$ cat data.cif   # mmCIF, C-alpha atoms; chains and numbers go by the auth columns
data_protein
#
loop_
_atom_site.group_PDB
_atom_site.id
_atom_site.type_symbol
_atom_site.label_atom_id
_atom_site.label_comp_id
_atom_site.label_asym_id
_atom_site.label_seq_id
_atom_site.Cartn_x
_atom_site.Cartn_y
_atom_site.Cartn_z
_atom_site.B_iso_or_equiv
_atom_site.auth_seq_id
_atom_site.auth_asym_id
ATOM 1 C CA MET A 1 198.137 -56.271 -72.086 0.00 395 C
ATOM 2 C CA LEU A 2 195.429 -58.786 -72.889 0.00 396 C
ATOM 3 C CA TYR A 3 194.470 -59.463 -76.517 0.00 397 C
ATOM 4 C CA SER A 4 190.795 -59.894 -77.284 0.00 398 C
ATOM 5 C CA PRO A 5 189.852 -61.429 -80.673 0.00 399 C
ATOM 6 C CA ARG A 6 186.347 -59.933 -80.373 0.00 400 C
ATOM 7 C CA ILE A 7 187.704 -56.387 -80.071 0.00 401 C
ATOM 8 C CA ALA A 8 190.055 -56.944 -83.011 0.00 402 C
ATOM 9 C CA ILE A 9 187.236 -58.307 -85.202 0.00 403 C
ATOM 10 C CA ALA A 10 184.934 -55.447 -84.195 0.00 404 C
ATOM 11 C CA ALA A 11 187.661 -52.888 -84.960 0.00 405 C
ATOM 12 C CA LEU A 12 188.312 -54.431 -88.363 0.00 406 C
ATOM 13 C CA SER A 13 184.588 -54.588 -89.157 0.00 407 C
ATOM 14 C CA LEU A 14 183.895 -50.948 -88.287 0.00 408 C
ATOM 15 C CA PRO A 15 185.393 -49.458 -91.491 0.00 409 C
ATOM 16 C CA LEU A 16 183.333 -51.889 -93.586 0.00 410 C
ATOM 17 C CA VAL A 17 180.113 -50.885 -91.874 0.00 411 C
ATOM 18 C CA CYS A 18 180.920 -47.181 -92.142 0.00 412 C
ATOM 19 C CA ALA A 19 181.961 -47.388 -95.795 0.00 413 C
ATOM 20 C CA HIS A 20 178.567 -48.445 -97.148 0.00 414 C
ATOM 21 C CA PRO A 21 176.717 -45.084 -96.730 0.00 415 C
ATOM 22 C CA ALA A 22 179.659 -43.229 -98.269 0.00 416 C
ATOM 23 C CA ALA A 23 179.592 -45.555 -101.269 0.00 417 C
ATOM 24 C CA ALA A 24 175.930 -44.772 -101.835 0.00 418 C
ATOM 25 C CA GLN A 25 176.678 -41.063 -101.566 0.00 419 C
ATOM 26 C CA ASP A 26 179.547 -41.326 -104.067 0.00 420 C
ATOM 27 C CA ALA A 27 177.417 -43.199 -106.615 0.00 421 C
ATOM 28 C CA ALA A 28 174.549 -40.717 -106.146 0.00 422 C
ATOM 29 C CA ALA A 29 176.915 -37.763 -106.581 0.00 423 C
ATOM 30 C CA LEU A 30 178.405 -39.307 -109.725 0.00 424 C
ATOM 31 C CA LYS A 31 174.929 -39.892 -111.158 0.00 425 C
ATOM 32 C CA LYS A 32 174.033 -36.255 -110.530 0.00 426 C
ATOM 33 C CA GLU A 33 177.286 -35.052 -112.173 0.00 427 C
ATOM 34 C CA MET A 34 176.714 -37.215 -115.247 0.00 428 C
ATOM 35 C CA ILE A 35 173.263 -35.892 -116.167 0.00 429 C
ATOM 36 C CA GLY A 36 173.594 -33.704 -119.259 0.00 430 C
ATOM 37 C CA GLN A 37 175.272 -33.709 -122.661 0.00 431 C
ATOM 38 C CA TRP A 38 178.528 -35.594 -123.222 0.00 432 C
ATOM 39 C CA GLU A 39 180.813 -36.213 -126.158 0.00 433 C
ATOM 40 C CA LEU A 40 181.672 -39.855 -126.825 0.00 434 C
ATOM 41 C CA ALA A 41 184.770 -39.952 -129.028 0.00 435 C
ATOM 42 C CA THR A 42 187.852 -41.777 -130.158 0.00 436 C
ATOM 43 C CA THR A 43 190.950 -40.598 -128.301 0.00 437 C
ATOM 44 C CA GLU A 44 192.052 -38.417 -131.206 0.00 438 C
ATOM 45 C CA ARG A 45 188.447 -37.134 -131.550 0.00 439 C
ATOM 46 C CA SER A 46 188.330 -38.083 -135.237 0.00 440 C
ATOM 47 C CA LYS A 47 184.947 -39.730 -134.605 0.00 441 C
ATOM 48 C CA THR A 48 182.512 -38.143 -132.171 0.00 442 C
ATOM 49 C CA CYS A 49 178.954 -38.584 -130.984 0.00 443 C
ATOM 50 C CA VAL A 50 176.788 -36.504 -128.635 0.00 444 C
ATOM 51 C CA VAL A 51 175.132 -38.475 -125.830 0.00 445 C
ATOM 52 C CA THR A 52 172.543 -36.913 -123.527 0.00 446 C
ATOM 53 C CA LEU A 53 172.425 -38.739 -120.187 0.00 447 C
ATOM 54 C CA LYS A 54 169.131 -38.362 -118.316 0.00 448 C
ATOM 55 C CA GLY A 55 168.294 -38.912 -114.663 0.00 449 C
ATOM 56 C CA ASP A 56 165.006 -40.715 -115.153 0.00 450 C
ATOM 57 C CA GLY A 57 164.572 -44.443 -115.545 0.00 451 C
ATOM 58 C CA THR A 58 164.915 -47.391 -113.194 0.00 452 C
ATOM 59 C CA ALA A 59 167.560 -47.999 -110.533 0.00 453 C
ATOM 60 C CA GLN A 60 169.340 -50.368 -112.956 0.00 454 C
ATOM 61 C CA ALA A 61 169.220 -48.156 -116.055 0.00 455 C
ATOM 62 C CA PHE A 62 168.749 -44.482 -116.758 0.00 456 C
ATOM 63 C CA LYS A 63 167.529 -43.062 -120.044 0.00 457 C
ATOM 64 C CA LEU A 64 169.764 -41.487 -122.649 0.00 458 C
ATOM 65 C CA GLU A 65 169.567 -40.033 -126.134 0.00 459 C
ATOM 66 C CA LEU A 66 172.136 -40.452 -128.883 0.00 460 C
ATOM 67 C CA GLU A 67 172.350 -37.995 -131.748 0.00 461 C
ATOM 68 C CA PRO A 68 171.190 -39.628 -135.011 0.00 462 C
ATOM 69 C CA SER A 69 174.705 -39.820 -136.503 0.00 463 C
ATOM 70 C CA CYS A 70 176.176 -41.793 -133.560 0.00 464 C
ATOM 71 C CA ALA A 71 175.787 -45.262 -135.094 0.00 465 C
ATOM 72 C CA LYS A 72 177.545 -44.118 -138.259 0.00 466 C
ATOM 73 C CA ALA A 73 180.409 -42.426 -136.403 0.00 467 C
ATOM 74 C CA LEU A 74 180.827 -45.156 -133.770 0.00 468 C
ATOM 75 C CA PRO A 75 179.152 -48.419 -134.920 0.00 469 C
ATOM 76 C CA PHE A 76 178.963 -49.906 -131.407 0.00 470 C
ATOM 77 C CA ALA A 77 176.705 -46.974 -130.409 0.00 471 C
ATOM 78 C CA LYS A 78 173.755 -48.663 -132.139 0.00 472 C
ATOM 79 C CA ASP A 79 173.651 -51.107 -129.205 0.00 473 C
ATOM 80 C CA ILE A 80 173.548 -48.410 -126.492 0.00 474 C
ATOM 81 C CA VAL A 81 170.057 -47.904 -125.027 0.00 475 C
ATOM 82 C CA ALA A 82 170.679 -46.845 -121.394 0.00 476 C
ATOM 83 C CA TRP A 83 173.315 -45.883 -118.854 0.00 477 C
ATOM 84 C CA SER A 84 174.031 -46.727 -115.229 0.00 478 C
ATOM 85 C CA ILE A 85 176.538 -46.319 -112.411 0.00 479 C
ATOM 86 C CA LYS A 86 178.314 -49.518 -111.388 0.00 480 C
ATOM 87 C CA GLY A 87 180.220 -49.624 -108.144 0.00 481 C
ATOM 88 C CA LEU A 88 181.525 -46.257 -107.001 0.00 482 C
ATOM 89 C CA ASP A 89 183.021 -44.873 -110.180 0.00 483 C
ATOM 90 C CA ILE A 90 182.067 -46.794 -113.325 0.00 484 C
ATOM 91 C CA VAL A 91 179.784 -45.117 -115.850 0.00 485 C
ATOM 92 C CA ARG A 92 178.292 -47.866 -117.999 0.00 486 C
ATOM 93 C CA LEU A 93 176.684 -47.424 -121.400 0.00 487 C
ATOM 94 C CA GLN A 94 174.625 -50.572 -121.774 0.00 488 C
ATOM 95 C CA ASP A 95 172.466 -52.558 -124.166 0.00 489 C
ATOM 96 C CA ALA A 96 168.784 -53.482 -123.753 0.00 490 C
ATOM 97 C CA SER A 97 169.640 -56.523 -121.601 0.00 491 C
ATOM 98 C CA GLY A 98 171.744 -54.424 -119.174 0.00 492 C
ATOM 99 C CA GLN A 99 175.052 -55.768 -120.483 0.00 493 C
ATOM 100 C CA PRO A 100 177.907 -53.289 -120.889 0.00 494 C
ATOM 101 C CA VAL A 101 178.586 -51.886 -124.335 0.00 495 C
ATOM 102 C CA ILE A 102 181.415 -49.860 -122.790 0.00 496 C
ATOM 103 C CA ASP A 103 182.410 -49.009 -119.197 0.00 497 C
ATOM 104 C CA PHE A 104 184.086 -45.698 -118.385 0.00 498 C
ATOM 105 C CA THR A 105 186.171 -44.634 -115.395 0.00 499 C
ATOM 106 C CA GLU A 106 187.222 -41.077 -114.613 0.00 500 C
ATOM 107 C CA VAL A 107 190.873 -40.472 -115.495 0.00 501 C
ATOM 108 C CA GLU A 108 190.859 -36.689 -115.066 0.00 502 C
ATOM 109 C CA SER A 109 188.296 -34.326 -113.653 0.00 503 C
ATOM 110 C CA GLY A 110 185.327 -34.650 -116.000 0.00 504 C
ATOM 111 C CA ILE A 111 187.104 -36.934 -118.484 0.00 505 C
ATOM 112 C CA PHE A 112 186.217 -40.626 -118.576 0.00 506 C
ATOM 113 C CA GLU A 113 188.037 -43.361 -120.462 0.00 507 C
ATOM 114 C CA GLY A 114 186.732 -46.723 -121.642 0.00 508 C
ATOM 115 C CA LEU A 115 188.242 -49.632 -123.559 0.00 509 C
ATOM 116 C CA ARG A 116 186.513 -51.765 -126.179 0.00 510 C
ATOM 117 C CA GLN A 117 188.513 -54.924 -126.782 0.00 511 C
ATOM 118 C CA GLY A 118 189.809 -55.084 -130.338 0.00 512 C
ATOM 119 C CA GLU A 119 188.795 -51.479 -131.050 0.00 513 C
ATOM 120 C CA GLY A 120 190.689 -49.259 -128.643 0.00 514 C
ATOM 121 C CA VAL A 121 190.161 -46.531 -126.084 0.00 515 C
ATOM 122 C CA TYR A 122 187.228 -44.114 -126.136 0.00 516 C
ATOM 123 C CA ILE A 123 186.683 -40.872 -124.226 0.00 517 C
ATOM 124 C CA LEU A 124 183.505 -39.568 -122.607 0.00 518 C
ATOM 125 C CA GLN A 125 183.755 -35.860 -121.799 0.00 519 C
ATOM 126 C CA ASN A 126 181.309 -33.100 -120.929 0.00 520 C
ATOM 127 C CA LEU A 127 180.203 -31.663 -124.287 0.00 521 C
ATOM 128 C CA ALA A 128 180.821 -28.013 -123.405 0.00 522 C
ATOM 129 C CA ALA A 129 184.334 -28.810 -122.146 0.00 523 C
ATOM 130 C CA ALA A 130 185.126 -30.966 -125.190 0.00 524 C
ATOM 131 C CA ARG A 131 183.994 -28.258 -127.599 0.00 525 C
ATOM 132 C CA SER A 132 185.968 -25.548 -125.791 0.00 526 C
ATOM 133 C CA LEU A 133 189.159 -27.629 -126.078 0.00 527 C
ATOM 134 C CA ALA A 134 188.741 -28.389 -129.761 0.00 528 C
ATOM 135 C CA LYS A 135 191.023 -26.392 -132.005 0.00 529 C
ATOM 136 C CA SER A 136 191.013 -26.429 -135.753 0.00 530 C
ATOM 137 C CA MET A 137 194.225 -27.170 -137.575 0.00 531 C
ATOM 138 C CA ASP A 138 194.334 -23.551 -138.745 0.00 532 C
ATOM 139 C CA GLN A 139 194.275 -22.417 -135.106 0.00 533 C
ATOM 140 C CA MET A 140 197.171 -24.741 -134.247 0.00 534 C
ATOM 141 C CA ILE A 141 199.551 -23.788 -137.068 0.00 535 C
ATOM 142 C CA GLY A 142 202.292 -21.447 -135.907 0.00 536 C
ATOM 143 C CA ASP A 143 204.816 -20.936 -133.156 0.00 537 C
ATOM 144 C CA TRP A 144 204.257 -22.516 -129.747 0.00 538 C
ATOM 145 C CA ALA A 145 206.238 -23.028 -126.558 0.00 539 C
ATOM 146 C CA MET A 146 206.582 -26.056 -124.282 0.00 540 C
ATOM 147 C CA VAL A 147 206.761 -24.953 -120.667 0.00 541 C
ATOM 148 C CA ARG A 148 207.409 -26.561 -117.318 0.00 542 C
ATOM 149 C CA GLY A 149 204.793 -26.451 -114.566 0.00 543 C
ATOM 150 C CA ASN A 150 206.515 -23.357 -113.179 0.00 544 C
ATOM 151 C CA GLY A 151 206.104 -21.511 -116.499 0.00 545 C
ATOM 152 C CA GLN A 152 209.752 -21.814 -117.585 0.00 546 C
ATOM 153 C CA VAL A 153 209.984 -22.289 -121.366 0.00 547 C
ATOM 154 C CA ILE A 154 211.954 -25.405 -122.275 0.00 548 C
ATOM 155 C CA CYS A 155 211.494 -25.286 -126.041 0.00 549 C
ATOM 156 C CA GLY A 156 209.916 -23.331 -128.855 0.00 550 C
ATOM 157 C CA LEU A 157 208.353 -25.208 -131.735 0.00 551 C
ATOM 158 C CA THR A 158 206.578 -24.543 -135.016 0.00 552 C
ATOM 159 C CA LEU A 159 203.559 -26.558 -136.130 0.00 553 C
ATOM 160 C CA THR A 160 203.090 -26.496 -139.909 0.00 554 C
ATOM 161 C CA ASN A 161 200.497 -27.632 -142.414 0.00 555 C
ATOM 162 C CA THR A 162 203.170 -29.406 -144.491 0.00 556 C
ATOM 163 C CA ASP A 163 202.145 -33.029 -145.040 0.00 557 C
ATOM 164 C CA ALA A 164 204.359 -35.573 -143.253 0.00 558 C
ATOM 165 C CA GLY A 165 202.252 -38.594 -144.300 0.00 559 C
ATOM 166 C CA GLN A 166 199.618 -40.665 -142.513 0.00 560 C
ATOM 167 C CA ASP A 167 197.502 -37.624 -141.489 0.00 561 C
ATOM 168 C CA ASN A 168 200.476 -35.960 -139.782 0.00 562 C
ATOM 169 C CA TYR A 169 202.168 -32.620 -140.390 0.00 563 C
ATOM 170 C CA GLU A 170 205.741 -31.424 -139.969 0.00 564 C
ATOM 171 C CA ILE A 171 206.873 -29.953 -136.665 0.00 565 C
ATOM 172 C CA PHE A 172 210.127 -28.034 -136.131 0.00 566 C
ATOM 173 C CA LEU A 173 211.931 -27.359 -132.859 0.00 567 C
ATOM 174 C CA LYS A 174 213.579 -23.979 -132.315 0.00 568 C
ATOM 175 C CA PRO A 175 217.305 -23.843 -131.448 0.00 569 C
ATOM 176 C CA LYS A 176 218.412 -24.243 -127.834 0.00 570 C
ATOM 177 C CA CYS A 177 215.677 -26.634 -126.730 0.00 571 C
ATOM 178 C CA ASP A 178 216.044 -28.551 -123.491 0.00 572 C
ATOM 179 C CA PHE A 179 217.519 -31.980 -124.312 0.00 573 C
ATOM 180 C CA ARG A 180 214.320 -33.719 -123.115 0.00 574 C
ATOM 181 C CA ALA A 181 212.281 -31.800 -125.696 0.00 575 C
ATOM 182 C CA ASN A 182 214.704 -32.895 -128.410 0.00 576 C
ATOM 183 C CA GLN A 183 214.185 -36.503 -127.348 0.00 577 C
ATOM 184 C CA MET A 184 210.389 -36.096 -127.623 0.00 578 C
ATOM 185 C CA ALA A 185 210.382 -34.549 -131.082 0.00 579 C
ATOM 186 C CA ALA A 186 209.380 -37.048 -133.719 0.00 580 C
ATOM 187 C CA GLY A 187 209.035 -34.548 -136.557 0.00 581 C
ATOM 188 C CA ALA A 188 205.255 -34.797 -137.041 0.00 582 C
ATOM 189 C CA TRP A 189 202.008 -33.781 -135.393 0.00 583 C
ATOM 190 C CA PRO A 190 199.255 -34.444 -134.248 0.00 584 C
ATOM 191 C CA ASP A 191 199.946 -38.161 -133.691 0.00 585 C
ATOM 192 C CA SER A 192 203.341 -37.572 -132.085 0.00 586 C
ATOM 193 C CA ALA A 193 202.206 -34.586 -130.012 0.00 587 C
ATOM 194 C CA ASP A 194 199.164 -33.955 -127.863 0.00 588 C
ATOM 195 C CA VAL A 195 197.903 -30.677 -129.266 0.00 589 C
ATOM 196 C CA GLU A 196 194.617 -30.280 -127.387 0.00 590 C
#
$ encode --input "data.cif" --output "structure tokens"
Amino acid sequence: MLYSPRIAIAALSLPLVCAHPAAAQDAAALKKEMIGQWELATTERSKTCVVTLKGDGTAQAFKLELEPSCAKALPFAKDIVAWSIKGLDIVRLQDASGQPVIDFTEVESGIFEGLRQGEGVYILQNLAAARSLAKSMDQMIGDWAMVRGNGQVICGLTLTNTDAGQDNYEIFLKPKCDFRANQMAAGAWPDSADVE
């Protein structure tokens, strides 16, 4: 069999040529999905801000609106004036010069995560979804069960409103918990347990 460098180069170049239209479609689809109201928040949602992403603007920056309390809740929000899509999957909240204030990537369906150096991780989530997940502490107090993906209960637990210090509350495991659940239990919630 004869080897032809031209055929090999052409074969390797084909995926690159074909990938460009798909990239444009992915960015356009992401833009369309992002238009609407979003909650910008700290990971524990102790500080939140409503951001309305709009579809109008220039190719480099789309308009947005921040609720008036955003700058107080999240001080870096005062610098945010527009948003854009960078690459295939980065949602950028940017300043007036087009520089990133924070870049988000999708980590779960409809949930985006961004890091600000020296400050921590922030979440951008569809407002309706974020509000439907929010539970007050009163709604969380009581008996709960940890279950496997197949529905099998591995441990019962009780969330209390008894202060455990540092904005945490006592948590108690029921007898006969799976050993892995016992290893997870740190005796306090919400910081040691994801309750949303």
$ resolve_selection --input "data.cif" --expression "the PyMOL selection byres ((chain C and resi 543-553) around 7)" --output "list in words"
Met534, Ile535, Gly536, Asp537, Trp538, Ala539, Met540, Val541, Arg542, Thr554, Glu564, Ile565, Phe566, Leu567, Lys568, Cys571, Asp572 and Ala575 of chain C
$ residues_near_point --input "data.cif" --point "(180.4, -34.2, -116.5)" --cutoff "8 Å" --atoms "all atoms listed in the file" --output "NGL selection string"
:C and (427-430 or 432 or 504-505 or 519-520)
$ closest_residue --input "data.cif" --among "C:Thr556, C:Gln511, C:Gln454, C:Gln493" --to "Asp473 of chain C" --atoms "all atoms listed in the file"
C:Gln493
$ atom_distance --input "data.cif" --atom1 "atom CA of Ala467 of chain C" --atom2 "atom CA of Cys443 of chain C"
6.8 Å
$ atom_distance --input "data.cif" --atom1 "atom CA of Trp477 of chain C" --atom2 "atom CA of Asp489 of chain C"
8.6 Å
$ residues_around --input "data.cif" --residues "Thr499 of chain C" --least-positions-apart "6" --cutoff "6 Å" --atoms "all atoms listed in the file" --output "list of chain:residue names"
C:Ile484, C:Phe506, C:Glu507
$ closest_residue --input "data.cif" --among "C:Arg486, C:Pro462, C:Gln533, C:Lys425" --to "Leu509 of chain C" --atoms "only C-alpha atoms"
C:Arg486
$ axis_aligned_box --input "data.cif" --around "segment 478-486 of chain C" --padding-each-side "4 Å" --output "lines of an AutoDock Vina configuration file"
center_x = 178.5
center_y = -47.2
center_z = -112.5
size_x = 17.0
size_y = 12.8
size_z = 19.0
$ closest_residue --input "data.cif" --among "C:Leu460, C:Ala435, C:Leu424, C:Ile474" --to "Ile496 of chain C" --atoms "only C-alpha atoms"
C:Ile474
$ atom_distance --input "data.cif" --atom1 "atom CA of Ser526 of chain C" --atom2 "atom CA of Leu458 of chain C"
22.9 Å
$ closest_residue --input "data.cif" --among "C:Val444, C:Ala490, C:Ala558, C:Val485" --to "Ala522 of chain C" --atoms "only C-alpha atoms"
C:Val444
$ resolve_selection --input "data.cif" --expression "the PyMOL selection byres ((chain C and resi 455) around 7)" --output "PyMOL selection string"
chain C and resi 451-454+456-457+476-478
$ closest_residue --input "data.cif" --among "C:Asp450, C:Leu518, C:Gln488, C:Ala471" --to "Glu502 of chain C" --atoms "only C-alpha atoms"
C:Leu518
$ closest_residue --input "data.cif" --among "C:Val515, C:Leu482, C:Leu447, C:Leu521" --to "Ala422 of chain C" --atoms "all atoms listed in the file"
C:Leu482
